[in-house]
Amino acid sequence: MLKLYTYRIPFNSAFSSAGNVITHREGIILVYQDQDSGIEAYGEAAPLPVFSEESFEEVKEVLLLNKDHLQEAIKHGNGRETLRLLNQIHQFPSLSFGIDTLLYDFAAKRSNKSLVQYLFPGYHSSIQANGTLPHGNKSVTLSKADALVGEGFTTLKVKVGRDFDNELSILRSLRQKHPDIHIRIDANQIWTVDEAIANLTALEELDIEYCEQPVGKKNITDLKKVTEASSVKIAADESVRNKKAISELTEVHAADLFIFKPMLMGTFNDIFVTNELADTHTIETVFTSSLETSVGRAAVAAISAGLGKPERAQGLATGSFLKYDVVSENWLNFPVIKFPDKIGLGISLHYEGLKEL
């Protein structure tokens, strides 16, 4: 039996991106209960406001209209064919990712394997995650950095773009206090080309790992100009909107790295093929959550363990941004993520706070 549950979880602090403020996260948890085997499989479809082109209401409508057909398809082993048709008709990446997560979770559990074992026989047994420092005054930011390093984070991401002189001072102090950590920055599209080049030049002495999205997401030419002019590596984030955008970015090598949010990419095969495209053009991929619950993040963690570089921290430590989660397990919320000895996604859903459709 296929069941659908909605959630609406407030953020501990409002999430801001390119001038847009988001106060909560909402999505749909898919649950398939197989009566013959007793297996319960999960998926999460959660379009990310500002980033996703499809809306929560659109995804909900499609799932409700096709729920019975999808249930029968999974029961008779035809779930992936139904997914293929829905993907062609609607082209809603978050919907496709959620359904595919459910199908792979079910298949892995039937094989008595964890999802990462099922997908990647040669996966990395642990993944580093980066800690995130918010905008703030210098003392608050440095104090938070000390706390994250004390927890075991070896990579910190610093939000920039409001007051560069202040941010430069913070970054210099951060590097002085913690000379061995990796520091990456996220400009959230805020700079012009000239500002980006000048600011990144000023940061050269600080051994910055990379800068995410220094300029607007829609102008690939501007992004390429900054990439070519800067000795600091440039990562495309908001520009990586979908498969078509990635092809365009890859063609002109507009960035050194791509930030992949699987919830924006679609099916697992879409993710694998797009990652291979980037790899053939020597563009590295870093995987990150879309601020979803642990259902979606467990799938992203499995993909990261198979496709990401082990020496590069992935953007998975986002559970603390939510006031609560829909699972009891805590293994996704550490600086180093180690996969539990459990089949499938490695999580169990609790239903408090969920509303069945």
# chains A, B, ... in the order shown; residues from 1 in each chain; ligands from 1
$ closest_atom_pairs --of "region 195-272 of chain A" --to "region 161-174 of chain A" --cutoff "12 Å" --atoms "only C-alpha atoms" --output "CSV"
residue,atom,partner,partner_atom,distance
A:Glu195,CA,A:Phe164,CA,9.8
A:Ala196,CA,A:Gly161,CA,9.8
A:Ala198,CA,A:Phe164,CA,10.6
A:Asn199,CA,A:Phe164,CA,7.6
A:Leu200,CA,A:Leu168,CA,10.1
A:Thr201,CA,A:Leu168,CA,11.3
A:Ala202,CA,A:Leu168,CA,8.1
A:Leu203,CA,A:Leu168,CA,7.4
A:Glu204,CA,A:Arg172,CA,10.9
A:Glu205,CA,A:Arg172,CA,9.0
A:Leu206,CA,A:Arg172,CA,6.8
A:Asp207,CA,A:Arg172,CA,10.3
A:Ile208,CA,A:Leu171,CA,9.3
A:Cys211,CA,A:Gly161,CA,11.3
A:Glu212,CA,A:Gly161,CA,11.2
A:Gln213,CA,A:Gly161,CA,10.8
A:Pro214,CA,A:Gly161,CA,8.7
A:Val215,CA,A:Gly161,CA,10.4
$ write_last_selection --atoms "all heavy atoms" --output "compact mmCIF listing (two decimals), in the first residue's frame"
# COMPACT_ATOMS: atom_id res chain seq x y z
N GLU A 195 33.42 43.14 -8.83
CA GLU A 195 33.49 42.96 -7.38
C GLU A 195 34.01 41.57 -7.03
O GLU A 195 34.84 41.40 -6.14
CB GLU A 195 32.11 43.16 -6.75
CG GLU A 195 31.66 44.62 -6.70
CD GLU A 195 30.22 44.75 -6.24
OE1 GLU A 195 29.45 43.76 -6.36
OE2 GLU A 195 29.85 45.84 -5.76
N ALA A 196 33.51 40.57 -7.73
CA ALA A 196 33.91 39.19 -7.46
C ALA A 196 35.41 39.02 -7.68
O ALA A 196 36.11 38.44 -6.85
CB ALA A 196 33.12 38.23 -8.36
N ALA A 198 37.78 41.32 -7.72
CA ALA A 198 38.55 42.10 -6.74
C ALA A 198 38.51 41.44 -5.36
O ALA A 198 39.55 41.32 -4.69
CB ALA A 198 37.99 43.52 -6.66
N ASN A 199 37.34 41.01 -4.94
CA ASN A 199 37.21 40.40 -3.62
C ASN A 199 37.95 39.06 -3.53
O ASN A 199 38.61 38.77 -2.52
CB ASN A 199 35.74 40.20 -3.27
CG ASN A 199 35.00 41.51 -3.10
OD1 ASN A 199 35.62 42.57 -2.93
ND2 ASN A 199 33.68 41.46 -3.14
N LEU A 200 37.86 38.27 -4.56
CA LEU A 200 38.55 36.98 -4.56
C LEU A 200 40.06 37.16 -4.61
O LEU A 200 40.81 36.37 -4.02
CB LEU A 200 38.06 36.12 -5.73
CG LEU A 200 36.61 35.63 -5.60
CD1 LEU A 200 36.13 35.02 -6.91
CD2 LEU A 200 36.47 34.62 -4.46
N THR A 201 40.51 38.21 -5.29
CA THR A 201 41.95 38.52 -5.29
C THR A 201 42.42 38.85 -3.87
O THR A 201 43.50 38.42 -3.44
CB THR A 201 42.24 39.70 -6.23
OG1 THR A 201 41.86 39.35 -7.57
CG2 THR A 201 43.73 40.05 -6.22
N ALA A 202 41.60 39.59 -3.13
CA ALA A 202 41.94 39.93 -1.75
C ALA A 202 41.97 38.71 -0.83
O ALA A 202 42.62 38.72 0.21
CB ALA A 202 40.95 40.95 -1.22
N LEU A 203 41.29 37.65 -1.25
CA LEU A 203 41.20 36.44 -0.43
C LEU A 203 42.26 35.39 -0.77
O LEU A 203 42.32 34.35 -0.11
CB LEU A 203 39.80 35.81 -0.60
CG LEU A 203 38.63 36.60 -0.01
CD1 LEU A 203 37.31 35.99 -0.47
CD2 LEU A 203 38.70 36.64 1.51
N GLU A 204 43.07 35.65 -1.77
CA GLU A 204 44.02 34.64 -2.25
C GLU A 204 44.95 34.14 -1.14
O GLU A 204 45.30 32.97 -1.09
CB GLU A 204 44.84 35.21 -3.41
CG GLU A 204 44.05 35.33 -4.70
CD GLU A 204 44.88 35.95 -5.82
OE1 GLU A 204 46.01 36.43 -5.52
OE2 GLU A 204 44.42 35.96 -6.98
N GLU A 205 45.34 35.03 -0.25
CA GLU A 205 46.31 34.67 0.81
C GLU A 205 45.72 33.72 1.84
O GLU A 205 46.45 33.12 2.65
CB GLU A 205 46.77 35.94 1.53
CG GLU A 205 45.62 36.67 2.22
CD GLU A 205 46.05 37.95 2.93
OE1 GLU A 205 46.79 37.83 3.91
OE2 GLU A 205 45.62 39.03 2.48
N LEU A 206 44.39 33.53 1.85
CA LEU A 206 43.73 32.79 2.93
C LEU A 206 43.44 31.33 2.58
O LEU A 206 42.81 30.62 3.37
CB LEU A 206 42.42 33.50 3.31
CG LEU A 206 42.58 34.93 3.81
CD1 LEU A 206 41.23 35.53 4.18
CD2 LEU A 206 43.52 34.98 5.00
N ASP A 207 43.90 30.88 1.42
CA ASP A 207 43.72 29.48 1.02
C ASP A 207 42.25 29.07 1.10
O ASP A 207 41.87 28.12 1.78
CB ASP A 207 44.58 28.57 1.89
CG ASP A 207 44.61 27.12 1.38
OD1 ASP A 207 44.39 26.92 0.18
OD2 ASP A 207 44.84 26.21 2.21
N ILE A 208 41.42 29.80 0.38
CA ILE A 208 39.98 29.49 0.32
C ILE A 208 39.77 28.27 -0.57
O ILE A 208 40.28 28.21 -1.69
CB ILE A 208 39.18 30.70 -0.22
CG1 ILE A 208 39.40 31.92 0.67
CG2 ILE A 208 37.70 30.35 -0.33
CD1 ILE A 208 38.94 31.76 2.10
N CYS A 211 34.70 29.31 -3.83
CA CYS A 211 33.64 30.29 -3.63
C CYS A 211 32.41 29.86 -4.42
O CYS A 211 32.47 29.66 -5.63
CB CYS A 211 34.09 31.68 -4.10
SG CYS A 211 32.76 32.92 -4.08
N GLU A 212 31.28 29.72 -3.72
CA GLU A 212 30.04 29.35 -4.38
C GLU A 212 29.35 30.58 -4.97
O GLU A 212 29.23 31.61 -4.31
CB GLU A 212 29.08 28.68 -3.39
CG GLU A 212 29.53 27.31 -2.92
CD GLU A 212 28.51 26.66 -1.99
OE1 GLU A 212 27.32 27.04 -2.04
OE2 GLU A 212 28.91 25.77 -1.21
N GLN A 213 28.92 30.45 -6.19
CA GLN A 213 28.06 31.38 -6.90
C GLN A 213 28.35 32.86 -6.60
O GLN A 213 27.53 33.56 -6.01
CB GLN A 213 26.60 31.07 -6.57
CG GLN A 213 25.62 31.56 -7.63
CD GLN A 213 25.79 30.85 -8.96
OE1 GLN A 213 25.91 29.64 -9.01
NE2 GLN A 213 25.80 31.61 -10.04
N PRO A 214 29.50 33.36 -7.05
CA PRO A 214 29.85 34.76 -6.79
C PRO A 214 28.96 35.76 -7.52
O PRO A 214 28.78 36.89 -7.07
CB PRO A 214 31.30 34.86 -7.26
CG PRO A 214 31.44 33.76 -8.28
CD PRO A 214 30.56 32.65 -7.78
N VAL A 215 28.41 35.35 -8.69
CA VAL A 215 27.60 36.27 -9.50
C VAL A 215 26.25 35.62 -9.80
O VAL A 215 26.01 34.46 -9.47
CB VAL A 215 28.32 36.64 -10.81
CG1 VAL A 215 29.56 37.46 -10.53
CG2 VAL A 215 28.68 35.38 -11.61
$ select_by_dssp --residues "region 206-349 of chain A" --states "strand (DSSP E or B)" --output "ChimeraX atom specification"
/A:208-212,234-236,257-260,284-288,314-315,322,327,336-338,344,349
$ closest_residue --among "A:Phe260, A:Phe92, A:Phe268, A:Phe15" --to "Leu119 (chain A)" --atoms "only C-alpha atoms"
A:Phe268
$ closest_residue --among "A:Ser294, A:Ser111, A:Ser289, A:Thr82" --to "Glu329 (chain A)" --atoms "only C-alpha atoms"
A:Ser294
$ closest_residue --among "A:Ile28, A:Leu148, A:Ile185, A:Val193" --to "Val160 (chain A)" --atoms "only C-alpha atoms"
A:Ile185
$ residues_around --residues "region 49-59 of chain A" --least-positions-apart "4" --cutoff "12 Å" --atoms "only C-alpha atoms" --output "PyMOL selection string"
chain A and resi 4+6-8+15-30+44-45+63-67+86-87+90-99+217+237-242+261-266+290-292
$ closest_residue --among "A:Gly43, A:Trp191, A:Ala278, A:Gly306" --to "Thr101 (chain A)" --atoms "only C-alpha atoms"
A:Gly43
